[in-house]
Each structure stands twice: as C-alpha cells, then as structure tokens.
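Here's upload.txt, which has compact mmCIF, C-alpha atoms:
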```
# COMPACT_ATOMS: atom_id res chain seq x y z
CA MET L 25 -2.26 -4.61 97.04
CA VAL L 26 -0.14 -6.45 94.50
CA PRO L 27 -1.54 -9.90 93.61
CA THR L 28 0.56 -12.76 94.88
CA HIS L 29 0.71 -14.08 91.36
CA TYR L 30 2.93 -11.22 90.22
CA TYR L 31 5.50 -12.12 92.85
CA LEU L 32 5.39 -15.77 91.86
CA ILE L 33 5.85 -14.94 88.17
CA LEU L 34 8.74 -12.59 88.93
CA ALA L 35 10.34 -15.30 91.06
CA ALA L 36 9.90 -17.83 88.25
CA ILE L 37 11.58 -15.49 85.76
CA ILE L 38 14.51 -14.76 88.09
CA PHE L 39 14.89 -18.46 88.89
CA SER L 40 15.02 -19.29 85.19
CA MET L 41 17.59 -16.56 84.61
CA GLY L 42 19.69 -18.10 87.35
CA ALA L 43 19.34 -21.52 85.75
CA LEU L 44 20.36 -20.02 82.40
CA GLY L 45 23.44 -18.55 84.02
CA VAL L 46 24.39 -21.90 85.54
CA LEU L 47 24.01 -23.51 82.12
CA VAL L 48 25.87 -21.06 79.91
CA ARG L 49 28.49 -19.26 82.00
CA ARG L 50 31.94 -20.75 82.49
CA ASN L 51 33.26 -18.67 85.35
CA ALA L 52 32.73 -20.72 88.51
CA LEU L 53 32.19 -17.57 90.58
CA ILE L 54 29.41 -16.34 88.32
CA ILE L 55 27.81 -19.77 88.41
CA PHE L 56 27.79 -19.43 92.19
CA MET L 57 26.17 -16.03 91.98
CA CYS L 58 23.47 -17.50 89.74
CA VAL L 59 22.82 -20.25 92.28
CA GLU L 60 22.40 -17.58 94.94
CA MET L 61 19.96 -15.79 92.66
CA MET L 62 17.92 -18.98 92.30
CA LEU L 63 17.82 -19.45 96.07
CA ASN L 64 16.63 -15.87 96.39
CA ALA L 65 13.87 -16.39 93.87
CA VAL L 66 12.62 -19.34 95.91
CA ASN L 67 12.77 -17.17 99.03
CA LEU L 68 10.58 -14.59 97.34
CA THR L 69 8.06 -17.30 96.50
CA LEU L 70 8.00 -18.50 100.09
CA VAL L 71 7.57 -15.00 101.51
CA ALA L 72 4.81 -14.19 99.01
CA LEU L 73 2.90 -17.35 99.86
CA ALA L 74 3.44 -16.82 103.59
CA ASN L 75 1.79 -13.45 103.10
CA GLN L 76 -0.97 -14.95 100.98
CA TRP L 77 -1.96 -17.46 103.64
CA GLY L 78 -1.09 -15.37 106.69
CA ASN L 79 1.15 -18.15 107.96
CA LEU L 80 4.62 -17.60 109.32
CA SER L 81 6.01 -21.03 108.45
CA GLY L 82 7.04 -19.74 105.04
CA GLN L 83 9.16 -17.06 106.64
CA VAL L 84 10.80 -19.66 108.90
CA PHE L 85 11.62 -21.62 105.74
CA VAL L 86 13.27 -18.52 104.32
CA PHE L 87 15.40 -18.29 107.44
CA ILE L 88 16.61 -21.83 106.99
CA VAL L 89 17.26 -21.25 103.30
CA MET L 90 19.35 -18.20 104.20
CA ALA L 91 21.41 -20.27 106.62
CA VAL L 92 21.95 -22.91 103.95
CA ALA L 93 22.88 -20.22 101.41
CA ALA L 94 25.43 -18.71 103.76
CA ALA L 95 26.96 -22.12 104.48
CA GLU L 96 26.99 -22.94 100.79
CA VAL L 97 28.77 -19.72 99.88
CA ALA L 98 31.40 -20.21 102.56
CA ILE L 99 32.14 -23.78 101.47
CA GLY L 100 31.80 -23.05 97.75
CA LEU L 101 34.14 -20.10 97.78
CA ALA L 102 36.65 -22.12 99.81
CA ILE L 103 36.47 -24.81 97.14
CA VAL L 104 36.94 -22.20 94.41
CA MET L 105 39.99 -20.87 96.24
CA ALA L 106 41.41 -24.38 96.56
CA ILE L 107 40.84 -25.06 92.85
CA VAL L 108 42.49 -21.80 91.87
CA ARG L 109 45.46 -22.66 94.06
CA HIS L 110 45.82 -26.07 92.41
CA LYS L 111 44.92 -25.42 88.80
CA ASP L 112 45.14 -21.64 88.28
CA THR L 113 41.75 -21.52 86.63
CA ILE L 114 38.10 -20.93 87.48
CA ASN L 115 36.86 -22.06 84.10
CA VAL L 116 34.47 -24.92 84.77
CA GLU L 117 35.35 -26.52 81.43
CA GLU L 118 38.91 -27.04 82.62
CA ILE L 119 37.87 -28.44 86.00
CA ASN L 120 37.19 -31.92 84.65
CA LEU L 121 39.28 -34.21 86.82
CA LEU L 122 36.27 -36.36 87.70
CA LYS L 123 34.84 -36.33 84.19
CA TRP L 124 34.99 -39.71 82.52
CA MET J 23 1.95 -0.04 95.59
CA PRO J 24 1.68 -1.66 92.11
CA LEU J 25 3.97 1.08 90.78
CA LEU J 26 6.54 0.33 93.48
CA PHE J 27 6.30 -3.35 92.65
CA ALA J 28 6.86 -2.66 88.95
CA ALA J 29 9.92 -0.54 89.71
CA LEU J 30 11.34 -3.17 92.06
CA ALA J 31 10.68 -5.97 89.60
CA LEU J 32 12.49 -3.98 86.93
CA ILE J 33 15.45 -3.41 89.27
CA ALA J 34 15.56 -7.11 90.17
CA LEU J 35 15.44 -8.14 86.52
CA VAL J 36 18.15 -5.65 85.57
CA GLY J 37 20.29 -7.01 88.40
CA ALA J 38 19.75 -10.58 87.26
CA ALA J 39 20.56 -9.69 83.67
CA GLY J 40 23.69 -7.91 84.87
CA VAL J 41 24.86 -11.04 86.67
CA LEU J 42 24.26 -13.07 83.54
CA LEU J 43 25.76 -10.77 80.96
CA SER J 44 28.71 -8.92 82.43
CA ARG J 45 32.22 -10.02 81.53
CA ASN J 46 33.74 -8.80 84.75
CA PRO J 47 32.87 -10.76 87.93
CA VAL J 48 33.03 -7.55 89.97
CA TYR J 49 30.16 -6.09 87.95
CA SER J 50 28.31 -9.38 88.34
CA ALA J 51 28.64 -9.19 92.11
CA LEU J 52 27.41 -5.59 92.14
CA SER J 53 24.43 -6.52 89.94
CA LEU J 54 23.70 -9.32 92.36
CA LEU J 55 23.66 -6.74 95.14
CA LEU J 56 21.06 -4.74 93.17
CA ASN J 57 18.93 -7.86 92.84
CA PHE J 58 19.18 -8.65 96.56
CA VAL J 59 18.26 -5.13 97.65
CA ALA J 60 15.19 -5.10 95.39
CA PHE J 61 14.13 -8.40 96.94
CA ALA J 62 14.64 -7.00 100.43
CA VAL J 63 12.24 -4.14 99.69
CA MET J 64 9.74 -6.65 98.31
CA TYR J 65 9.94 -8.62 101.56
CA VAL J 66 9.00 -5.47 103.42
CA MET J 67 6.07 -4.96 101.04
CA LEU J 68 4.99 -8.53 101.80
CA SER J 69 4.86 -7.74 105.55
CA ALA J 70 8.08 -9.62 106.26
CA GLN J 71 9.95 -6.63 107.67
CA PHE J 72 12.44 -8.60 109.71
CA LEU J 73 13.30 -10.83 106.78
CA GLY J 74 13.93 -7.72 104.69
CA VAL J 75 16.47 -6.53 107.24
CA VAL J 76 18.05 -9.99 107.45
CA GLN J 77 18.20 -10.12 103.67
CA ILE J 78 20.20 -6.88 103.64
CA ILE J 79 22.52 -8.04 106.42
CA VAL J 80 23.12 -11.61 105.26
CA TYR J 81 22.96 -11.37 101.50
CA ALA J 82 24.04 -7.82 100.78
CA GLY J 83 26.31 -7.56 103.79
CA ALA J 84 27.93 -10.95 104.02
CA ILE J 85 27.49 -12.95 100.85
CA VAL J 86 28.17 -10.23 98.28
CA VAL J 87 31.15 -9.02 100.31
CA LEU J 88 32.48 -12.58 100.43
CA PHE J 89 32.08 -12.84 96.66
CA LEU J 90 33.88 -9.54 96.17
CA PHE J 91 36.70 -10.67 98.46
CA VAL J 92 37.23 -13.82 96.46
CA VAL J 93 36.99 -12.00 93.12
CA MET J 94 39.60 -9.53 94.32
CA LEU J 95 41.80 -12.31 95.70
CA ILE J 96 41.89 -14.42 92.58
CA GLY J 97 40.78 -12.03 89.86
CA GLY J 98 44.02 -10.30 89.08
CA ASN J 99 46.30 -13.22 88.33
CA LEU J 100 44.08 -15.41 86.20
CA PRO J 101 44.21 -15.58 82.43
CA ALA J 102 41.05 -14.40 80.70
CA LEU J 103 38.62 -17.19 79.93
CA GLY J 104 39.10 -16.78 76.21
CA ARG J 105 36.32 -17.08 73.74
CA GLY J 106 32.92 -18.21 74.93
CA ARG J 107 31.37 -21.62 74.95
CA ARG J 108 30.60 -23.30 71.70
CA ALA J 109 27.47 -21.93 70.10
CA TYR J 110 25.43 -25.10 70.45
CA VAL J 111 26.12 -25.36 74.17
CA ARG J 112 24.92 -21.80 74.58
CA ALA J 113 21.83 -22.42 72.43
CA ALA J 114 21.03 -25.58 74.37
CA GLY J 115 21.30 -23.64 77.64
CA VAL J 116 18.97 -20.92 76.42
CA ILE J 117 16.43 -23.44 75.13
CA LEU J 118 16.49 -25.48 78.33
CA ALA J 119 16.08 -22.40 80.52
CA ALA J 120 13.22 -21.14 78.33
CA LEU J 121 11.48 -24.51 78.51
CA PHE J 122 11.91 -24.49 82.27
CA LEU J 123 10.41 -21.01 82.51
CA LEU J 124 7.48 -22.11 80.35
CA ALA J 125 6.88 -25.08 82.62
CA LEU J 126 6.93 -22.84 85.70
CA LEU J 127 4.55 -20.33 84.11
CA PHE J 128 2.26 -23.16 83.04
CA GLY J 129 2.14 -24.29 86.65
CA LEU J 130 1.32 -20.73 87.71
CA ALA J 131 -1.47 -20.35 85.17
CA ARG J 132 -4.10 -21.65 87.57
CA PRO J 133 -5.52 -19.10 89.99
CA LEU J 134 -4.41 -19.44 93.58
CA PRO J 135 -6.99 -20.56 96.10
CA ASN J 136 -8.32 -17.68 98.13
CA GLY J 137 -5.85 -17.01 100.88
CA LEU J 138 -5.88 -14.78 103.88
CA ALA J 139 -4.04 -11.98 102.13
CA ALA J 140 -7.07 -9.74 102.34
CA VAL J 141 -7.25 -10.32 106.09
CA GLY J 142 -3.53 -10.05 106.65
CA ALA J 143 -1.91 -10.91 109.93
CA PRO J 144 -1.54 -7.61 111.80
CA ASP J 145 2.12 -8.08 112.68
CA GLY J 146 2.98 -10.71 110.10
CA GLY J 147 6.73 -10.47 110.02
CA SER J 148 7.54 -8.63 113.21
CA VAL J 149 10.47 -9.80 115.28
CA GLN J 150 8.13 -10.98 118.03
CA ALA J 151 5.88 -13.08 115.82
CA LEU J 152 8.78 -14.55 113.88
CA GLY J 153 10.72 -15.25 117.06
CA LEU J 154 7.78 -17.16 118.50
CA ALA J 155 7.39 -19.15 115.29
CA LEU J 156 11.11 -19.86 115.15
CA TYR J 157 11.77 -20.76 118.79
CA VAL J 158 8.51 -22.48 119.64
CA ASP J 159 7.08 -24.13 116.56
CA HIS J 160 10.23 -24.72 114.56
CA ILE J 161 12.90 -25.22 117.17
CA VAL J 162 14.34 -28.43 115.71
CA PRO J 163 15.11 -27.05 112.22
CA PHE J 164 16.53 -23.97 113.90
CA GLU J 165 18.96 -26.02 115.98
CA LEU J 166 19.85 -28.15 112.98
CA ALA J 167 20.67 -24.97 111.06
CA SER J 168 23.12 -24.01 113.81
CA ILE J 169 24.85 -27.38 113.44
CA LEU J 170 24.93 -26.85 109.68
CA LEU J 171 26.57 -23.47 110.11
CA LEU J 172 29.16 -24.90 112.50
CA THR J 173 29.97 -27.65 110.02
CA ALA J 174 30.24 -25.13 107.22
CA MET J 175 32.60 -23.02 109.28
CA LEU J 176 34.86 -26.00 109.99
CA GLY J 177 34.71 -27.05 106.34
CA GLY J 178 35.62 -23.57 105.15
CA ILE J 179 38.62 -23.45 107.48
CA VAL J 180 39.83 -26.90 106.44
CA LEU J 181 39.39 -26.20 102.72
CA ALA J 182 40.95 -22.76 102.73
CA ARG J 183 44.00 -23.77 104.77
CA ARG J 184 47.12 -24.20 102.76
CA TYR J 185 48.05 -27.86 102.68
CA GLN J 186 51.25 -28.67 104.51
CA ALA J 187 52.83 -32.03 104.02
CA PRO J 188 53.34 -33.73 107.36
CA PRO J 189 57.00 -33.95 108.34
CA LYS J 190 58.31 -37.37 107.48
CA ASP J 191 60.84 -39.06 109.64
```
How does the structure come out when it is put into structure tokens?
Amino acid sequence: MVPTHYYLILAAIIFSMGALGVLVRRNALIIFMCVEMMLNAVNLTLVALANQWGNLSGQVFVFIVMAVAAAEVAIGLAIVMAIVRHKDTINVEEINLLKW
Amino acid sequence: MPLLFAALALIALVGAAGVLLSRNPVYSALSLLLNFVAFAVMYVMLSAQFLGVVQIIVYAGAIVVLFLFVVMLIGGNLPALGRGRRAYVRAAGVILAALFLLALLFGLARPLPNGLAAVGAPDGGSVQALGLALYVDHIVPFELASILLLTAMLGGIVLARRYQAPPKD
C-alpha cells in the first residue's frame, strides 16, 4: 500500500514541471502540452484523495476535468492553427498583438 | 506495490522532463504520452480502474494524437524558433516554478487525516459504482459537461474554418 502522500508529492512535482514549461518554453504547442500535464497532475491528486477517503466524488471530478481538457485542446489547437495561418509562427513572443 | 509506484513515478518524471526539454515538438508529444500512460497505471493502482481506461482512451488516444496531427500539419513549414529566451527570463521561470513547488510541498508537510484507505471501497472505481455516482449524484455537472463539449466542437469548427470574405455586391 503506497501512502497517499507519495502520490500527492509526485503530483506536486509534475504540476510544477508543467508550470515551469509554461513559463520558459516559447513554442505554443509545447506550452499546451505543459498545461495538459498540469491538468493531469491535478487529476492524480483527485484520484489519490478519492482513494484515501473511499469517496467517488473525486473520480467524478476527474471525469469533468477530462472533458474540460478535451474541449480545451480542441479549441486551443484550432487557435494555434489560426495563428499559424495568419502569422506563420507559433513563437509566443511574436504573438503580441494584444500586448500594450 | 511500492516498487511499482517508484518505477511509474520515474517514468512519469522522465516523460515530464522530456516534454520540457526536447527541441522537437514530436518528441515532446511522445514524452507526454509516456507521462499519461504512467498516470493511467497509477489510477488502476488507486482502485480507479475505469478512469485508467478512460485516461488511455481520452489522453493517449485522442489528445496526444490531436497534438501530433497539429505538429505534423504545421511543423514542416515553420522557421526554427531561433535562440532561446533571454537568460533572465529563463532564470525567473525556474525560480518561480521552484518557489511554487516549495509552497506546494510545504502545504503537503502536514500528515493527512486518517482516511478510509485502509478500509477501501470494495469496487471503488468500477463502471457500476462510477456510473451510479455520475448519473445519480452528479447529474447536473455531467449534463453541463456535455454542453461544454458541444460548444467546444462548434468553436473548433468555426476557428479552424478558412475565412472566406462574404461576396460583396
């Protein structure tokens, strides 16, 4: 039986790695992948705690998060495609039309 | 079991590091796949069998494939990103992420209250139990998620369609 704490710590590390990727990478696609990684880390936390307390609500949460992640990827990749079509770049430093 | 957890954690961390470090987005997507599969096995270990299967289908099957499609669609004809971000931006990112991790670990330093893990629900994540929870106790969020997915589908179609100027006359 692995203590729930180990899962939570692993999830924290993976979430931070995802946040690091969002902060330092410039490729919009890789930033998206890092966001997905962060969502997954939260899912792991929810499943671990659902197991800890023997309550299924955590797993239902994970379901909803998965639906949101799928929607987010569909919309996000469509936006990336639109940006590439307009500007021929996926470098987030060059996508600064709204930057004051 | 602890050995399996250690191996899976290592795989997940290697996958995450691969996403972060690789130059080529295709390798990033494949590392992401590694990470997702390790998580799926962990879900099974945490008596969430159905979620493990859904994780494989949705994340590994749909999301990573979608990423790979887009990388293949736009990857070939883009100029390389050139040299990396300025050093101080990178250092600031690393410091912020490290501080964030420290804050999370600080929050985790307290022991958890005693849960029911020792007791363990007999069929914690079975399709039957999860279906009952989803369709009886949590029916409203479930229906809202379906509306969200419909909206996302419409948005994806609208965004990905090539813009055609309306005929003027």
Sorted by chain and rising residue number, list the residues of chain L at most 8 Å from chain J (counting all atoms listed in the file), each with its closest atom pair and distance in Å to one decimal, as a tab-separated table.
```
residue	atom	partner	partner_atom	distance
L:Met25	CA	J:Met23	CA	6.4
L:Val26	CA	J:Pro24	CA	5.7
L:His29	CA	J:Leu130	CA	7.6
L:Leu32	CA	J:Leu130	CA	7.6
L:Ile33	CA	J:Leu127	CA	6.9
L:Leu34	CA	J:Ala31	CA	6.9
L:Ala36	CA	J:Leu126	CA	6.4
L:Ile37	CA	J:Leu123	CA	6.5
L:Ile38	CA	J:Ala38	CA	6.8
L:Ser40	CA	J:Leu123	CA	5.6
L:Met41	CA	J:Ala38	CA	6.9
L:Gly42	CA	J:Ala38	CA	7.5
L:Ala43	CA	J:Ala119	CA	6.2
L:Leu44	CA	J:Ala119	CA	5.2
L:Gly45	CA	J:Leu42	CA	5.6
L:Leu47	CA	J:Gly115	CA	5.2
L:Val48	CA	J:Arg112	CA	5.5
L:Arg49	CA	J:Leu42	CA	7.7
L:Arg50	CA	J:Arg107	CA	7.6
L:Asn51	CA	J:Leu103	CA	7.8
L:Leu53	CA	J:Pro47	CA	7.3
L:Ile54	CA	J:Pro47	CA	6.6
L:Met57	CA	J:Leu54	CA	7.2
L:Cys58	CA	J:Val41	CA	7.3
L:Met61	CA	J:Leu54	CA	7.5
L:Asn64	CA	J:Phe58	CA	7.7
L:Leu68	CA	J:Phe61	CA	7.1
L:Val71	CA	J:Tyr65	CA	6.8
L:Ala72	CA	J:Leu68	CA	6.3
L:Asn75	CA	J:Leu68	CA	6.0
L:Gln76	CA	J:Ala139	CA	4.4
L:Trp77	CA	J:Leu138	CA	4.8
L:Gly78	CA	J:Ala143	CA	5.6
L:Asn79	CA	J:Gly146	CA	8.0
L:Leu80	CA	J:Ala155	CA	6.8
L:Ser81	CA	J:Ala155	CA	7.2
L:Gln83	CA	J:Leu73	CA	7.5
L:Val84	CA	J:Leu156	CA	6.3
L:Phe87	CA	J:Leu73	CA	7.8
L:Ile88	CA	J:Ala167	CA	6.6
L:Met90	CA	J:Val80	CA	7.7
L:Ala91	CA	J:Ala167	CA	6.5
L:Val92	CA	J:Ala167	CA	7.5
L:Ala94	CA	J:Ile85	CA	6.8
L:Ala95	CA	J:Ala174	CA	5.2
L:Glu96	CA	J:Ala174	CA	7.5
L:Val97	CA	J:Ile85	CA	7.0
L:Ala98	CA	J:Gly178	CA	6.0
L:Ile99	CA	J:Gly178	CA	5.1
L:Leu101	CA	J:Val92	CA	7.1
L:Ala102	CA	J:Ala182	CA	5.2
L:Ile103	CA	J:Leu181	CA	6.4
L:Met105	CA	J:Ala182	CA	6.8
L:Ala106	CA	J:Ala182	CA	6.4
L:Val108	CA	J:Ile96	CA	7.4
L:Asp112	CA	J:Leu100	CA	6.7
L:Thr113	CA	J:Leu100	CA	6.6
L:Asn115	CA	J:Leu103	CA	6.6
```
I need the chosen residues saved as a PDB file, in the coordinates of the input, with C-alpha atoms.
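So the final result, stored in again_14.pdb, reads:
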```pdb
ATOM      1  CA  MET L  25      -2.260  -4.610  97.040  1.00  0.00           C
ATOM      2  CA  VAL L  26      -0.140  -6.450  94.500  1.00  0.00           C
ATOM      3  CA  HIS L  29       0.710 -14.080  91.360  1.00  0.00           C
ATOM      4  CA  LEU L  32       5.390 -15.770  91.860  1.00  0.00           C
ATOM      5  CA  ILE L  33       5.850 -14.940  88.170  1.00  0.00           C
ATOM      6  CA  LEU L  34       8.740 -12.590  88.930  1.00  0.00           C
ATOM      7  CA  ALA L  36       9.900 -17.830  88.250  1.00  0.00           C
ATOM      8  CA  ILE L  37      11.580 -15.490  85.760  1.00  0.00           C
ATOM      9  CA  ILE L  38      14.510 -14.760  88.090  1.00  0.00           C
ATOM     10  CA  SER L  40      15.020 -19.290  85.190  1.00  0.00           C
ATOM     11  CA  MET L  41      17.590 -16.560  84.610  1.00  0.00           C
ATOM     12  CA  GLY L  42      19.690 -18.100  87.350  1.00  0.00           C
ATOM     13  CA  ALA L  43      19.340 -21.520  85.750  1.00  0.00           C
ATOM     14  CA  LEU L  44      20.360 -20.020  82.400  1.00  0.00           C
ATOM     15  CA  GLY L  45      23.440 -18.550  84.020  1.00  0.00           C
ATOM     16  CA  LEU L  47      24.010 -23.510  82.120  1.00  0.00           C
ATOM     17  CA  VAL L  48      25.870 -21.060  79.910  1.00  0.00           C
ATOM     18  CA  ARG L  49      28.490 -19.260  82.000  1.00  0.00           C
ATOM     19  CA  ARG L  50      31.940 -20.750  82.490  1.00  0.00           C
ATOM     20  CA  ASN L  51      33.260 -18.670  85.350  1.00  0.00           C
ATOM     21  CA  LEU L  53      32.190 -17.570  90.580  1.00  0.00           C
ATOM     22  CA  ILE L  54      29.410 -16.340  88.320  1.00  0.00           C
ATOM     23  CA  MET L  57      26.170 -16.030  91.980  1.00  0.00           C
ATOM     24  CA  CYS L  58      23.470 -17.500  89.740  1.00  0.00           C
ATOM     25  CA  MET L  61      19.960 -15.790  92.660  1.00  0.00           C
ATOM     26  CA  ASN L  64      16.630 -15.870  96.390  1.00  0.00           C
ATOM     27  CA  LEU L  68      10.580 -14.590  97.340  1.00  0.00           C
ATOM     28  CA  VAL L  71       7.570 -15.000 101.510  1.00  0.00           C
ATOM     29  CA  ALA L  72       4.810 -14.190  99.010  1.00  0.00           C
ATOM     30  CA  ASN L  75       1.790 -13.450 103.100  1.00  0.00           C
ATOM     31  CA  GLN L  76      -0.970 -14.950 100.980  1.00  0.00           C
ATOM     32  CA  TRP L  77      -1.960 -17.460 103.640  1.00  0.00           C
ATOM     33  CA  GLY L  78      -1.090 -15.370 106.690  1.00  0.00           C
ATOM     34  CA  ASN L  79       1.150 -18.150 107.960  1.00  0.00           C
ATOM     35  CA  LEU L  80       4.620 -17.600 109.320  1.00  0.00           C
ATOM     36  CA  SER L  81       6.010 -21.030 108.450  1.00  0.00           C
ATOM     37  CA  GLN L  83       9.160 -17.060 106.640  1.00  0.00           C
ATOM     38  CA  VAL L  84      10.800 -19.660 108.900  1.00  0.00           C
ATOM     39  CA  PHE L  87      15.400 -18.290 107.440  1.00  0.00           C
ATOM     40  CA  ILE L  88      16.610 -21.830 106.990  1.00  0.00           C
ATOM     41  CA  MET L  90      19.350 -18.200 104.200  1.00  0.00           C
ATOM     42  CA  ALA L  91      21.410 -20.270 106.620  1.00  0.00           C
ATOM     43  CA  VAL L  92      21.950 -22.910 103.950  1.00  0.00           C
ATOM     44  CA  ALA L  94      25.430 -18.710 103.760  1.00  0.00           C
ATOM     45  CA  ALA L  95      26.960 -22.120 104.480  1.00  0.00           C
ATOM     46  CA  GLU L  96      26.990 -22.940 100.790  1.00  0.00           C
ATOM     47  CA  VAL L  97      28.770 -19.720  99.880  1.00  0.00           C
ATOM     48  CA  ALA L  98      31.400 -20.210 102.560  1.00  0.00           C
ATOM     49  CA  ILE L  99      32.140 -23.780 101.470  1.00  0.00           C
ATOM     50  CA  LEU L 101      34.140 -20.100  97.780  1.00  0.00           C
ATOM     51  CA  ALA L 102      36.650 -22.120  99.810  1.00  0.00           C
ATOM     52  CA  ILE L 103      36.470 -24.810  97.140  1.00  0.00           C
ATOM     53  CA  MET L 105      39.990 -20.870  96.240  1.00  0.00           C
ATOM     54  CA  ALA L 106      41.410 -24.380  96.560  1.00  0.00           C
ATOM     55  CA  VAL L 108      42.490 -21.800  91.870  1.00  0.00           C
ATOM     56  CA  ASP L 112      45.140 -21.640  88.280  1.00  0.00           C
ATOM     57  CA  THR L 113      41.750 -21.520  86.630  1.00  0.00           C
ATOM     58  CA  ASN L 115      36.860 -22.060  84.100  1.00  0.00           C
TER      59      ASN L 115
END
```
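Picture a line from CA of Gly40 in chain J to CA of Leu55 in chain J; it runs 10.3 Å.
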request  = Tell me which of J:Tyr49, J:Ala82, J:Val158, J:Leu56 sits closest to Val36 in chain J, counting only C-alpha atoms.
outcome  = J:Leu56
inquiry  = Please compute the CA of Thr69 in chain L-CA of Ile55 in chain L distance, one decimal, in Å.
reply    =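 Going from CA of Thr69 in chain L over to CA of Ile55 in chain L, I get 21.5 Å.
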Put the listed atoms of range 162-170 of chain J in a box along x, y and z with 3 Å added on every side and give me the centre and edge lengths in Å to one decimal, as AutoDock Vina command-line options.
```
--center_x 19.6 --center_y -26.2 --center_z 112.8 --size_x 16.6 --size_y 10.5 --size_z 12.3
```
ask   = So how far away is CA of Val86 in chain L from CA of Val66 in chain L, in Å?
value =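 Going from CA of Val66 in chain L over to CA of Val86 in chain L, I get 8.5 Å.
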Quick test: take range 153-173 of chain J, keep N, CA and C atoms, and write it as a tab-separated table (two decimals), in the first residue's frame.
```tsv
chain	number	residue	atom	x	y	z
J	153	GLY	N	-20.70	4.85	-12.51
J	153	GLY	CA	-21.89	5.23	-13.26
J	153	GLY	C	-22.98	5.73	-12.33
J	154	LEU	N	-23.16	5.03	-11.20
J	154	LEU	CA	-24.16	5.50	-10.23
J	154	LEU	C	-23.80	6.88	-9.71
J	155	ALA	N	-22.52	7.07	-9.38
J	155	ALA	CA	-22.12	8.37	-8.85
J	155	ALA	C	-22.34	9.46	-9.89
J	156	LEU	N	-22.04	9.11	-11.15
J	156	LEU	CA	-22.08	10.12	-12.21
J	156	LEU	C	-23.52	10.46	-12.60
J	157	TYR	N	-24.38	9.43	-12.70
J	157	TYR	CA	-25.72	9.67	-13.24
J	157	TYR	C	-26.76	9.95	-12.17
J	158	VAL	N	-26.42	9.68	-10.91
J	158	VAL	CA	-27.40	9.92	-9.85
J	158	VAL	C	-27.01	11.12	-9.01
J	159	ASP	N	-25.77	11.08	-8.50
J	159	ASP	CA	-25.38	12.15	-7.57
J	159	ASP	C	-24.90	13.39	-8.30
J	160	HIS	N	-24.29	13.21	-9.46
J	160	HIS	CA	-23.65	14.35	-10.11
J	160	HIS	C	-24.19	14.56	-11.51
J	161	ILE	N	-25.51	14.49	-11.64
J	161	ILE	CA	-26.08	14.53	-12.99
J	161	ILE	C	-25.96	15.92	-13.60
J	162	VAL	N	-26.05	16.97	-12.79
J	162	VAL	CA	-26.03	18.33	-13.36
J	162	VAL	C	-24.66	18.67	-13.94
J	163	PRO	N	-23.54	18.46	-13.20
J	163	PRO	CA	-22.24	18.70	-13.83
J	163	PRO	C	-22.03	17.86	-15.07
J	164	PHE	N	-22.55	16.63	-15.05
J	164	PHE	CA	-22.38	15.75	-16.21
J	164	PHE	C	-23.05	16.35	-17.44
J	165	GLU	N	-24.30	16.83	-17.26
J	165	GLU	CA	-25.00	17.43	-18.40
J	165	GLU	C	-24.33	18.72	-18.84
J	166	LEU	N	-23.82	19.50	-17.86
J	166	LEU	CA	-23.13	20.72	-18.23
J	166	LEU	C	-21.88	20.41	-19.04
J	167	ALA	N	-21.20	19.30	-18.68
J	167	ALA	CA	-20.02	18.93	-19.45
J	167	ALA	C	-20.39	18.61	-20.89
J	168	SER	N	-21.57	18.02	-21.09
J	168	SER	CA	-21.96	17.72	-22.48
J	168	SER	C	-22.18	19.01	-23.26
J	169	ILE	N	-22.76	20.02	-22.59
J	169	ILE	CA	-22.95	21.30	-23.28
J	169	ILE	C	-21.60	21.93	-23.59
J	170	LEU	N	-20.67	21.80	-22.62
J	170	LEU	CA	-19.32	22.33	-22.84
J	170	LEU	C	-18.68	21.69	-24.06
J	171	LEU	N	-18.82	20.36	-24.16
J	171	LEU	CA	-18.19	19.67	-25.29
J	171	LEU	C	-18.82	20.10	-26.61
J	172	LEU	N	-20.16	20.29	-26.60
J	172	LEU	CA	-20.82	20.73	-27.83
J	172	LEU	C	-20.31	22.11	-28.24
J	173	THR	N	-20.19	23.00	-27.23
J	173	THR	CA	-19.69	24.34	-27.52
J	173	THR	C	-18.28	24.27	-28.07
```
